[in-house]
$ cat query.tsv   # TSV, C-alpha atoms
chain	number	residue	atom	x	y	z
A	1	MET	CA	-11.39	25.53	3.76
A	2	VAL	CA	-11.86	23.55	0.55
A	3	LEU	CA	-10.11	20.43	1.78
A	4	LYS	CA	-12.37	20.07	4.81
A	5	LYS	CA	-15.47	19.86	2.61
A	6	SER	CA	-14.15	16.80	0.82
A	7	LYS	CA	-14.04	13.18	1.98
A	8	SER	CA	-10.48	13.05	0.70
A	9	PRO	CA	-7.99	11.81	3.33
A	10	SER	CA	-6.02	14.95	2.55
A	11	ARG	CA	-8.61	16.88	4.55
A	12	TYR	CA	-6.77	15.87	7.72
A	13	ILE	CA	-3.74	17.95	6.74
A	14	ARG	CA	-3.67	21.11	8.86
A	15	ALA	CA	-0.31	22.63	7.91
A	16	LEU	CA	2.33	22.51	5.19
A	17	HIS	CA	6.07	22.59	5.75
A	18	ILE	CA	8.25	23.22	2.71
A	19	ASP	CA	11.96	22.64	2.33
A	20	GLU	CA	13.20	26.04	1.22
A	21	SER	CA	15.30	24.42	-1.52
A	22	CYS	CA	12.05	23.13	-3.07
A	23	MET	CA	9.97	26.27	-2.75
A	24	ASP	CA	10.49	27.49	-6.31
A	25	LEU	CA	9.94	24.15	-8.03
A	26	PRO	CA	6.92	24.31	-10.39
A	27	TYR	CA	5.57	21.08	-8.88
A	28	THR	CA	5.71	22.54	-5.38
A	29	ARG	CA	3.75	25.55	-6.64
A	30	GLU	CA	1.13	23.24	-8.20
A	31	ILE	CA	0.65	21.45	-4.89
A	32	LEU	CA	0.39	24.76	-3.01
A	33	GLU	CA	-2.38	25.90	-5.34
A	34	ARG	CA	-4.37	22.76	-4.58
A	35	CYS	CA	-3.91	23.20	-0.83
A	36	GLY	CA	-6.11	26.28	-0.57
A	37	ASP	CA	-5.44	28.34	2.53
A	38	LEU	CA	-3.44	25.83	4.57
A	39	PRO	CA	-0.78	27.59	6.64
A	40	VAL	CA	2.73	27.25	5.19
A	41	LYS	CA	6.05	27.20	7.03
A	42	LEU	CA	9.44	27.24	5.33
A	43	VAL	CA	12.05	24.80	6.62
A	44	ALA	CA	15.76	25.50	6.20
A	45	ASP	CA	17.57	23.21	3.79
A	46	ARG	CA	18.34	19.81	5.35
A	47	GLN	CA	16.43	20.72	8.52
A	48	MET	CA	13.27	19.08	9.82
A	49	PRO	CA	9.87	20.60	10.60
A	50	GLU	CA	8.73	21.11	14.17
A	51	VAL	CA	5.22	19.73	14.56
A	52	SER	CA	4.78	18.52	18.14
A	53	THR	CA	6.33	18.80	21.57
A	54	ALA	CA	5.19	15.29	22.46
A	55	VAL	CA	7.58	12.33	22.49
A	56	TYR	CA	7.33	9.77	19.68
A	57	PRO	CA	5.06	7.81	19.20
A	58	GLN	CA	2.56	10.09	20.98
A	59	SER	CA	3.58	12.81	18.53
A	60	LEU	CA	2.08	10.79	15.65
A	61	GLN	CA	-1.42	11.99	16.50
A	62	THR	CA	-0.43	15.58	15.72
A	63	GLY	CA	2.28	14.72	13.21
A	64	LYS	CA	-0.15	13.07	10.81
A	65	GLN	CA	-1.75	16.50	10.32
A	66	HIS	CA	1.48	18.02	9.00
A	67	LEU	CA	2.78	17.56	5.45
A	68	PHE	CA	6.45	18.19	4.64
A	69	LEU	CA	7.24	18.84	0.97
A	70	THR	CA	10.89	17.99	0.46
A	71	ARG	CA	13.24	16.17	-1.87
A	72	ASN	CA	14.48	12.61	-1.74
A	73	ARG	CA	18.28	12.72	-1.71
A	74	GLY	CA	18.67	8.95	-1.88
A	75	ARG	CA	17.42	6.26	-4.24
A	76	PHE	CA	13.75	6.13	-5.12
A	77	LEU	CA	13.63	2.51	-6.30
A	78	LYS	CA	14.62	-0.36	-4.01
A	79	PRO	CA	13.83	-4.08	-3.71
A	80	CYS	CA	10.96	-5.02	-1.42
A	81	PRO	CA	12.43	-5.61	2.07
A	82	GLY	CA	11.56	-9.31	2.10
A	83	THR	CA	13.60	-12.05	3.77
A	84	ARG	CA	15.15	-15.14	2.21
A	85	GLU	CA	13.50	-17.41	4.77
A	86	TYR	CA	10.07	-16.84	3.18
A	87	ARG	CA	8.79	-16.62	-0.40
A	88	CYS	CA	9.13	-13.01	-1.59
A	89	CYS	CA	7.42	-11.83	-4.77
A	90	GLY	CA	10.31	-9.82	-6.23
A	91	TYR	CA	8.48	-6.51	-5.96
A	92	GLN	CA	10.30	-3.20	-6.37
A	93	VAL	CA	9.35	-0.31	-4.08
A	94	LEU	CA	9.15	3.21	-5.51
A	95	ASN	CA	9.49	5.57	-2.56
A	96	ILE	CA	7.32	8.67	-3.09
A	97	GLY	CA	7.09	9.72	0.58
A	98	MET	CA	6.65	8.50	4.13
A	99	ASN	CA	3.66	8.07	6.45
A	100	CYS	CA	0.00	8.92	5.78
A	101	THR	CA	-3.04	10.60	7.32
A	102	MET	CA	-4.77	7.29	7.98
A	103	ASP	CA	-4.03	5.41	11.18
A	104	CYS	CA	-4.12	1.61	11.14
A	105	VAL	CA	-3.58	0.06	14.54
A	106	TYR	CA	-1.26	-2.60	13.09
A	107	CYS	CA	0.77	-0.26	10.82
A	108	ILE	CA	4.45	-1.22	10.81
A	109	LEU	CA	5.44	2.38	10.09
A	110	GLN	CA	4.72	3.23	13.74
A	111	ALA	CA	7.80	1.21	14.70
A	112	TYR	CA	9.78	1.93	11.54
A	113	LEU	CA	9.63	5.72	11.31
A	114	ASN	CA	11.28	8.14	13.70
A	115	ASN	CA	9.49	11.25	12.41
A	116	PRO	CA	5.78	11.85	13.07
A	117	TRP	CA	4.97	14.01	10.05
A	118	LEU	CA	4.11	13.07	6.46
A	119	SER	CA	6.83	13.54	3.87
A	120	PHE	CA	6.22	13.85	0.14
A	121	PHE	CA	9.07	14.06	-2.36
A	122	VAL	CA	8.59	16.81	-4.94
A	123	ASN	CA	11.69	16.08	-7.07
A	124	TYR	CA	9.74	13.68	-9.27
A	125	GLU	CA	11.86	14.42	-12.35
A	126	GLU	CA	14.74	12.66	-10.59
A	127	LEU	CA	12.41	9.78	-9.76
A	128	LEU	CA	11.49	9.36	-13.44
A	129	ALA	CA	15.13	9.65	-14.48
A	130	GLU	CA	16.03	6.86	-12.07
A	131	LEU	CA	13.27	4.70	-13.52
A	132	ASP	CA	14.58	5.41	-17.02
A	133	VAL	CA	18.02	4.12	-16.05
A	134	GLU	CA	16.64	1.06	-14.25
A	135	LEU	CA	14.38	-0.03	-17.09
A	136	ALA	CA	17.04	0.62	-19.75
A	137	SER	CA	19.71	-1.29	-17.83
A	138	SER	CA	17.70	-4.54	-17.76
A	139	PRO	CA	15.36	-4.46	-20.78
A	140	MET	CA	14.80	-8.23	-20.77
A	141	ALA	CA	13.62	-8.29	-17.15
A	142	PHE	CA	10.05	-7.59	-16.09
A	143	HIS	CA	9.56	-5.05	-13.30
A	144	ARG	CA	6.63	-4.95	-10.90
A	145	ILE	CA	6.89	-1.55	-9.23
A	146	GLY	CA	4.69	-0.19	-6.45
A	147	THR	CA	4.44	2.99	-4.38
A	148	GLY	CA	2.49	1.65	-1.41
A	149	GLU	CA	5.24	0.44	0.92
A	150	PHE	CA	6.09	3.51	3.02
A	151	THR	CA	2.88	5.44	2.39
A	152	ASP	CA	-0.51	4.87	0.83
A	153	SER	CA	-0.24	5.35	-2.94
A	154	LEU	CA	-3.25	7.66	-3.24
A	155	VAL	CA	-3.71	9.21	0.19
A	156	LEU	CA	-2.41	12.63	-0.95
A	157	ASP	CA	-3.28	12.31	-4.63
A	158	ARG	CA	-5.88	15.07	-4.51
A	159	LEU	CA	-3.07	17.46	-3.62
A	160	THR	CA	-0.15	15.97	-5.55
A	161	ALA	CA	-1.80	14.40	-8.64
A	162	LEU	CA	1.29	12.18	-8.77
A	163	SER	CA	-0.81	9.27	-10.04
A	164	LYS	CA	-1.29	11.08	-13.36
A	165	ILE	CA	2.45	11.54	-13.77
A	166	LEU	CA	3.27	7.93	-12.95
A	167	VAL	CA	0.44	6.32	-14.93
A	168	GLU	CA	1.26	8.32	-18.04
A	169	TYR	CA	4.98	7.57	-17.65
A	170	MET	CA	4.32	3.82	-17.37
A	171	ALA	CA	1.87	3.65	-20.27
A	172	ASP	CA	4.49	2.75	-22.89
A	173	LYS	CA	6.78	0.66	-20.66
A	174	THR	CA	6.19	-2.88	-21.91
A	175	SER	CA	8.77	-4.34	-19.52
A	176	ALA	CA	7.12	-2.99	-16.37
A	177	VAL	CA	3.86	-2.56	-14.55
A	178	LEU	CA	2.97	-0.05	-11.83
A	179	GLU	CA	0.84	-0.94	-8.81
A	180	LEU	CA	-0.95	1.80	-6.88
A	181	LYS	CA	-2.03	0.34	-3.53
A	182	THR	CA	-4.50	2.16	-1.30
A	183	LYS	CA	-7.11	2.10	1.46
A	184	THR	CA	-8.79	5.20	0.06
A	185	ALA	CA	-11.36	5.89	-2.65
A	186	GLU	CA	-9.15	8.58	-4.22
A	187	VAL	CA	-9.34	7.55	-7.88
A	188	ALA	CA	-10.63	10.72	-9.60
A	189	ASN	CA	-7.22	11.51	-11.10
A	190	LEU	CA	-7.11	8.07	-12.77
A	191	GLN	CA	-10.13	8.71	-14.96
A	192	GLY	CA	-9.46	9.35	-18.62
A	193	LEU	CA	-5.76	8.50	-18.54
A	194	LYS	CA	-4.21	6.48	-21.35
A	195	HIS	CA	-2.73	3.78	-19.17
A	196	ASN	CA	-2.43	0.96	-21.74
A	197	GLY	CA	-2.91	-1.62	-19.02
A	198	ARG	CA	0.45	-0.81	-17.44
A	199	THR	CA	-1.05	0.29	-14.11
A	200	ILE	CA	-2.79	-2.03	-11.65
A	201	VAL	CA	-4.87	-0.30	-8.97
A	202	SER	CA	-5.02	-2.29	-5.74
A	203	TRP	CA	-6.87	-2.14	-2.47
A	204	SER	CA	-6.04	-3.53	0.92
A	205	LEU	CA	-9.11	-5.32	2.28
A	206	ASN	CA	-9.93	-7.01	5.56
A	207	SER	CA	-12.83	-8.37	7.55
A	208	GLY	CA	-15.54	-5.85	8.33
A	209	SER	CA	-14.69	-5.61	12.02
A	210	VAL	CA	-10.99	-5.00	11.33
A	211	MET	CA	-11.76	-2.32	8.75
A	212	ARG	CA	-14.19	-0.55	11.07
A	213	CYS	CA	-12.21	-0.75	14.31
A	214	GLU	CA	-8.53	-1.08	13.41
A	215	GLU	CA	-8.18	0.97	10.19
A	216	LEU	CA	-8.91	4.50	11.35
A	217	ARG	CA	-9.72	7.28	8.89
A	218	THR	CA	-9.70	4.88	5.93
A	219	ALA	CA	-12.40	4.46	3.29
A	220	SER	CA	-15.15	1.97	4.12
A	221	LEU	CA	-15.40	-1.36	2.32
A	222	ALA	CA	-18.27	-0.02	0.23
A	223	GLU	CA	-16.24	3.04	-0.74
A	224	ARG	CA	-13.15	1.02	-1.65
A	225	LEU	CA	-15.14	-1.43	-3.78
A	226	ALA	CA	-17.04	1.37	-5.52
A	227	ALA	CA	-13.71	2.97	-6.40
A	228	ALA	CA	-12.42	-0.37	-7.66
A	229	ALA	CA	-15.50	-0.78	-9.85
A	230	LYS	CA	-14.86	2.65	-11.37
A	231	CYS	CA	-11.27	1.71	-12.17
A	232	ALA	CA	-12.43	-1.51	-13.78
A	233	ASP	CA	-14.83	0.51	-15.94
A	234	TRP	CA	-11.89	2.74	-16.94
A	235	GLY	CA	-9.97	-0.30	-18.16
A	236	TYR	CA	-7.57	-0.77	-15.25
A	237	ARG	CA	-6.74	-4.19	-13.91
A	238	LEU	CA	-7.16	-4.57	-10.19
A	239	GLY	CA	-5.35	-6.09	-7.25
A	240	PHE	CA	-6.53	-6.91	-3.73
A	241	HIS	CA	-4.49	-7.60	-0.63
A	242	PHE	CA	-5.86	-9.37	2.45
A	243	ASP	CA	-2.94	-8.40	4.61
A	244	PRO	CA	-2.76	-8.54	7.54
A	245	VAL	CA	-5.25	-11.31	8.16
A	246	ILE	CA	-6.14	-10.92	11.83
A	247	TYR	CA	-7.63	-13.56	14.08
A	248	GLN	CA	-10.83	-12.50	15.84
A	249	PRO	CA	-13.80	-14.56	17.05
A	250	ASP	CA	-15.76	-13.76	13.88
A	251	TRP	CA	-12.81	-13.95	11.49
A	252	GLU	CA	-14.15	-16.65	9.17
A	253	GLU	CA	-17.54	-15.04	8.63
A	254	GLY	CA	-15.95	-11.59	8.36
A	255	TYR	CA	-13.52	-12.53	5.61
A	256	ALA	CA	-16.14	-14.57	3.76
A	257	GLN	CA	-18.47	-11.57	3.68
A	258	THR	CA	-15.72	-9.26	2.40
A	259	ILE	CA	-14.76	-11.72	-0.33
A	260	ALA	CA	-18.39	-12.12	-1.42
A	261	ARG	CA	-18.83	-8.35	-1.61
A	262	LEU	CA	-15.59	-8.03	-3.56
A	263	PHE	CA	-16.71	-10.40	-6.31
A	264	ASP	CA	-20.19	-8.88	-6.36
A	265	ALA	CA	-18.65	-5.44	-6.96
A	266	VAL	CA	-16.02	-6.00	-9.66
A	267	PRO	CA	-15.65	-8.33	-12.66
A	268	ALA	CA	-13.48	-11.28	-11.67
A	269	GLU	CA	-11.61	-11.18	-14.98
A	270	ARG	CA	-10.31	-7.66	-14.19
A	271	ILE	CA	-8.41	-8.88	-11.11
A	272	ALA	CA	-4.69	-9.48	-11.74
A	273	TRP	CA	-3.79	-10.79	-8.31
A	274	ILE	CA	-4.99	-11.32	-4.75
A	275	SER	CA	-2.51	-11.69	-1.90
A	276	ILE	CA	-3.08	-13.08	1.58
A	277	GLY	CA	-0.76	-12.61	4.53
A	278	ALA	CA	-1.34	-13.24	8.22
A	279	LEU	CA	-0.46	-10.63	10.83
A	280	ARG	CA	3.30	-10.49	11.43
A	281	TYR	CA	5.18	-7.76	13.20
A	282	LEU	CA	8.47	-6.63	14.63
A	283	PRO	CA	8.47	-7.06	18.43
A	284	THR	CA	8.86	-3.30	18.90
A	285	LEU	CA	5.58	-2.63	17.08
A	286	LYS	CA	3.39	-4.20	19.77
A	287	SER	CA	4.60	-1.88	22.53
A	288	VAL	CA	4.32	1.20	20.30
A	289	ALA	CA	0.83	0.28	19.10
A	290	LEU	CA	-0.44	-0.49	22.59
A	291	GLN	CA	0.75	2.90	23.80
A	292	ARG	CA	-1.36	4.52	21.11
A	293	PHE	CA	-4.28	2.08	21.06
A	294	PRO	CA	-4.44	0.46	24.52
A	295	LYS	CA	-7.86	-1.13	23.99
A	296	THR	CA	-6.79	-3.20	20.99
A	297	GLY	CA	-7.24	-6.89	21.74
A	298	PHE	CA	-5.60	-8.82	18.91
A	299	TRP	CA	-2.07	-8.21	20.22
A	300	HIS	CA	-2.86	-10.53	23.12
A	301	GLU	CA	-3.24	-13.68	21.01
A	302	GLU	CA	-0.44	-16.25	21.07
A	303	PHE	CA	2.44	-15.61	18.67
A	304	VAL	CA	5.73	-17.29	17.89
A	305	MET	CA	8.98	-15.78	16.62
A	306	GLY	CA	9.40	-16.45	12.90
A	307	LEU	CA	12.63	-17.03	11.01
A	308	ASP	CA	12.58	-13.37	9.94
A	309	GLY	CA	12.54	-12.08	13.50
A	310	LYS	CA	8.84	-11.17	13.32
A	311	GLN	CA	6.07	-12.41	15.58
A	312	ARG	CA	3.57	-14.66	13.76
A	313	TYR	CA	0.54	-16.77	14.56
A	314	PHE	CA	1.33	-20.44	15.09
A	315	ARG	CA	1.59	-22.44	11.86
A	316	GLU	CA	-1.62	-24.41	12.44
A	317	MET	CA	-3.65	-21.23	12.90
A	318	ARG	CA	-2.17	-19.61	9.81
A	319	VAL	CA	-2.85	-22.67	7.66
A	320	GLU	CA	-6.44	-22.89	8.85
A	321	MET	CA	-7.13	-19.21	8.17
A	322	TYR	CA	-5.42	-19.31	4.79
A	323	LYS	CA	-7.34	-22.41	3.68
A	324	ARG	CA	-10.72	-20.92	4.53
A	325	ILE	CA	-9.92	-17.61	2.84
A	326	VAL	CA	-8.38	-19.25	-0.24
A	327	ASP	CA	-11.39	-21.58	-0.60
A	328	ALA	CA	-13.75	-18.59	-0.57
A	329	ILE	CA	-11.65	-16.79	-3.17
A	330	MET	CA	-11.17	-19.80	-5.45
A	331	ALA	CA	-14.91	-20.36	-5.62
A	332	ARG	CA	-15.27	-17.16	-7.65
A	333	VAL	CA	-11.87	-16.09	-8.95
A	334	ALA	CA	-10.95	-16.06	-12.65
A	335	SER	CA	-8.35	-18.58	-13.83
A	336	SER	CA	-6.04	-15.73	-14.91
A	337	THR	CA	-5.80	-14.26	-11.39
A	338	CYS	CA	-2.74	-15.08	-9.30
A	339	VAL	CA	-3.78	-15.90	-5.73
A	340	TYR	CA	-0.73	-16.05	-3.50
A	341	LEU	CA	0.61	-15.93	0.04
A	342	CYS	CA	2.77	-13.02	1.11
A	343	MET	CA	6.00	-13.89	2.93
A	344	GLU	CA	5.26	-17.51	3.76
A	345	SER	CA	7.35	-20.69	3.58
A	346	ASP	CA	7.09	-23.51	1.05
A	347	GLU	CA	5.66	-25.69	3.81
A	348	ILE	CA	2.74	-23.32	4.29
A	349	TRP	CA	2.21	-23.03	0.52
A	350	GLN	CA	2.10	-26.82	0.21
A	351	ALA	CA	-0.37	-27.14	3.07
A	352	VAL	CA	-2.68	-24.44	1.67
A	353	PHE	CA	-2.46	-24.85	-2.12
A	354	GLY	CA	-1.03	-28.34	-2.54
A	355	TYR	CA	1.99	-26.99	-4.42
A	356	THR	CA	4.92	-24.60	-3.93
A	357	PRO	CA	5.69	-21.57	-6.09
A	358	GLU	CA	8.69	-23.37	-7.57
A	359	ALA	CA	6.37	-25.89	-9.19
A	360	ARG	CA	4.91	-23.04	-11.25
A	361	GLY	CA	8.14	-21.29	-12.12
A	362	GLY	CA	8.50	-19.30	-8.91
A	363	LEU	CA	6.34	-16.62	-7.31
A	364	SER	CA	7.88	-13.80	-9.35
A	365	ALA	CA	7.08	-15.63	-12.60
A	366	MET	CA	3.51	-16.31	-11.43
A	367	LEU	CA	2.95	-12.63	-10.78
A	368	ASP	CA	4.71	-11.54	-13.95
A	369	ARG	CA	2.31	-13.69	-15.97
A	370	ALA	CA	-0.67	-12.24	-14.12
A	371	ALA	CA	0.64	-8.72	-14.76
A	372	GLY	CA	0.94	-9.28	-18.49
A	373	CYS	CA	4.71	-9.78	-18.57
A	374	GLY	CA	5.50	-7.26	-21.25
A	375	ASN	CA	2.30	-7.44	-23.28
A	376	GLY	CA	0.98	-3.90	-23.60
$ encode --input "query.tsv" --output "structure tokens"
Amino acid sequence: MVLKKSKSPSRYIRALHIDESCMDLPYTREILERCGDLPVKLVADRQMPEVSTAVYPQSLQTGKQHLFLTRNRGRFLKPCPGTREYRCCGYQVLNIGMNCTMDCVYCILQAYLNNPWLSFFVNYEELLAELDVELASSPMAFHRIGTGEFTDSLVLDRLTALSKILVEYMADKTSAVLELKTKTAEVANLQGLKHNGRTIVSWSLNSGSVMRCEELRTASLAERLAAAAKCADWGYRLGFHFDPVIYQPDWEEGYAQTIARLFDAVPAERIAWISIGALRYLPTLKSVALQRFPKTGFWHEEFVMGLDGKQRYFREMRVEMYKRIVDAIMARVASSTCVYLCMESDEIWQAVFGYTPEARGGLSAMLDRAAGCGNG
């Protein structure tokens, strides 16, 4: 089969399930053509596919091989699910689907989802219409919009080519910027597009040992950075996210090596932002993840309950890790790049940077400036 010959993460898809109400949509037909000879099963309207007899979360192993093409009947655009106890960046989440073929040991979706399969929403015309209304209703506001919250932005892009649709839509939107966040090297569809600087392509990065052992079926560091270099050559600005930062015996050397390779691979001036966030998780995630990955060791470090109800490393450990990582980044970063902490308190910001976001207009304003804030 064509998909199996590619290194695309879509090669792990073994079967398609299609909501019968979506079967005749032109976009569904386009995706089917790209899927080669994958077996197809129709699903009755408002019903769910049957993919595994196992109980969740054990069903995830099989479920990640099944793609359900359906429609989103709710809102596509929602505020990032941050908490008021910590500094949130004011991001807006564009929901294009749920779950992905990759399998990160720490992935919050394991505890968040109740369905094992991948969902992709084919009613993209309604998505664009909703964006039209949102952007028209607040023309003076600046919108940072991303698709990488409930799925990887590019994991299925070889099949869906949604990136082309979104990048071209955003190209003339001077009051918004789109972020495509990924752990893949799936950037072929981004080449040659007239993006006008309104799309930022971002990669999640980590220490070498975390990427090798805890981020299963993802692109390697070399592959991610090569893809980022291509996007820089095509005129895109870039983003990088060190999240979650995970404590391991070699953590300091591991993150320093990744940061050095990052700045060796891409021009510093092309980077719009770099975020850093230590491992934090809902208590239910640990039990789910240990069922699926019983040999994982980092869950057995000491954690404390944060103000948002999530388990976190103790403050002293977080500050130490942040300082070392920030120092390595600041040694090579461009002055125009926004380096920031994800979901941390003012006290942590002050300890790490020597200032709080409020001193620079707030975190949203810092990121808006880094994104271009309306300048096409």
$ atom_distance --input "query.tsv" --atom1 "atom CA of His17 of chain A" --atom2 "atom CA of Lys41 of chain A"
4.8 Å
$ residues_around --input "query.tsv" --residues "segment 184-197 of chain A" --least-positions-apart "2" --cutoff "6 Å" --atoms "all atoms listed in the file" --output "CSV table (one decimal) with C-alpha atoms, keeping the file's coordinate frame"
chain,number,residue,atom,x,y,z
A,167,VAL,CA,0.4,6.3,-14.9
A,171,ALA,CA,1.9,3.6,-20.3
A,182,THR,CA,-4.5,2.2,-1.3
A,199,THR,CA,-1.0,0.3,-14.1
A,218,THR,CA,-9.7,4.9,5.9
A,219,ALA,CA,-12.4,4.5,3.3
A,223,GLU,CA,-16.2,3.0,-0.7
A,224,ARG,CA,-13.2,1.0,-1.6
A,227,ALA,CA,-13.7,3.0,-6.4
$ atom_distance --input "query.tsv" --atom1 "atom CA of His300 of chain A" --atom2 "atom CA of Leu282 of chain A"
14.7 Å
$ closest_residue --input "query.tsv" --among "A:Cys35, A:Val177, A:Leu307, A:Ala136" --to "Met343 of chain A" --atoms "all atoms listed in the file"
A:Leu307
$ residues_around --input "query.tsv" --residues "segment 123-135 of chain A" --least-positions-apart "4" --cutoff "10 Å" --atoms "all atoms listed in the file" --output "PyMOL selection string"
chain A and resi 22+25+27-28+69-73+75-77+94-96+139-143+145+162+165-166+169-170+173-176
$ atom_distance --input "query.tsv" --atom1 "atom CA of Glu320 of chain A" --atom2 "atom CA of Ala351 of chain A"
9.4 Å
$ closest_residue --input "query.tsv" --among "A:Leu262, A:Ala229, A:Ser21, A:Ile246" --to "Gln47 of chain A" --atoms "all atoms listed in the file"
A:Ser21
$ closest_residue --input "query.tsv" --among "A:Val93, A:Ile108, A:Ala222, A:Ile18" --to "Leu180 of chain A" --atoms "all atoms listed in the file"
A:Val93
$ axis_aligned_box --input "query.tsv" --around "segment 296-310 of chain A" --padding-each-side "6 Å" --output "AutoDock Vina command-line options"
--center_x 2.7 --center_y -10.2 --center_z 16.5 --size_x 31.9 --size_y 26.1 --size_z 25.2
$ closest_residue --input "query.tsv" --among "A:Arg217, A:Lys78, A:Arg34, A:Arg324" --to "Val245 of chain A" --atoms "all atoms listed in the file"
A:Arg324
$ closest_residue --input "query.tsv" --among "A:Thr53, A:Ala44, A:Leu341, A:Thr160" --to "Gly97 of chain A" --atoms "all atoms listed in the file"
A:Thr160
$ residues_near_point --input "query.tsv" --point "(4.3, -20.6, -1.5)" --cutoff "12 Å" --atoms "only C-alpha atoms" --output "count of residues only"
38
$ residues_around --input "query.tsv" --residues "Cys100 of chain A" --least-positions-apart "3" --cutoff "7 Å" --atoms "only C-alpha atoms" --output "list in words"
Lys64, Leu118, Thr151, Asp152 and Val155 of chain A
$ residues_around --input "query.tsv" --residues "Phe263 of chain A" --least-positions-apart "3" --cutoff "9 Å" --atoms "all atoms listed in the file" --output "number ranges by chain"
A: 258-260, 266-268, 329, 332-333
$ build_atoms --input "query.tsv" --residues "segment 136-150 of chain A" --atoms "N, CA and C atoms" --output "CSV table (one decimal), in the coordinates of the input"
chain,number,residue,atom,x,y,z
A,136,ALA,N,16.1,0.8,-18.6
A,136,ALA,CA,17.0,0.6,-19.8
A,136,ALA,C,18.2,-0.3,-19.5
A,137,SER,N,18.6,-0.4,-18.2
A,137,SER,CA,19.7,-1.3,-17.8
A,137,SER,C,19.4,-2.8,-17.8
A,138,SER,N,18.1,-3.1,-17.7
A,138,SER,CA,17.7,-4.5,-17.8
A,138,SER,C,16.4,-4.7,-18.6
A,139,PRO,N,16.5,-4.5,-19.9
A,139,PRO,CA,15.4,-4.5,-20.8
A,139,PRO,C,14.7,-5.8,-20.9
A,140,MET,N,15.4,-6.9,-20.6
A,140,MET,CA,14.8,-8.2,-20.8
A,140,MET,C,14.1,-8.7,-19.5
A,141,ALA,N,14.3,-8.0,-18.4
A,141,ALA,CA,13.6,-8.3,-17.2
A,141,ALA,C,12.3,-7.6,-17.1
A,142,PHE,N,11.4,-8.2,-16.3
A,142,PHE,CA,10.0,-7.6,-16.1
A,142,PHE,C,10.0,-7.0,-14.7
A,143,HIS,N,9.5,-5.8,-14.6
A,143,HIS,CA,9.6,-5.0,-13.3
A,143,HIS,C,8.1,-4.8,-12.8
A,144,ARG,N,7.9,-5.3,-11.6
A,144,ARG,CA,6.6,-5.0,-10.9
A,144,ARG,C,7.0,-3.9,-9.8
A,145,ILE,N,6.5,-2.7,-10.0
A,145,ILE,CA,6.9,-1.6,-9.2
A,145,ILE,C,5.7,-1.0,-8.5
A,146,GLY,N,5.8,-0.7,-7.2
A,146,GLY,CA,4.7,-0.2,-6.4
A,146,GLY,C,5.1,0.9,-5.5
A,147,THR,N,4.2,1.8,-5.2
A,147,THR,CA,4.4,3.0,-4.4
A,147,THR,C,3.8,2.9,-3.0
A,148,GLY,N,3.3,1.7,-2.6
A,148,GLY,CA,2.5,1.6,-1.4
A,148,GLY,C,3.2,1.0,-0.2
A,149,GLU,N,4.5,1.1,-0.2
A,149,GLU,CA,5.2,0.4,0.9
A,149,GLU,C,5.4,1.3,2.1
A,150,PHE,N,5.8,2.6,1.9
A,150,PHE,CA,6.1,3.5,3.0
A,150,PHE,C,5.0,4.6,3.2
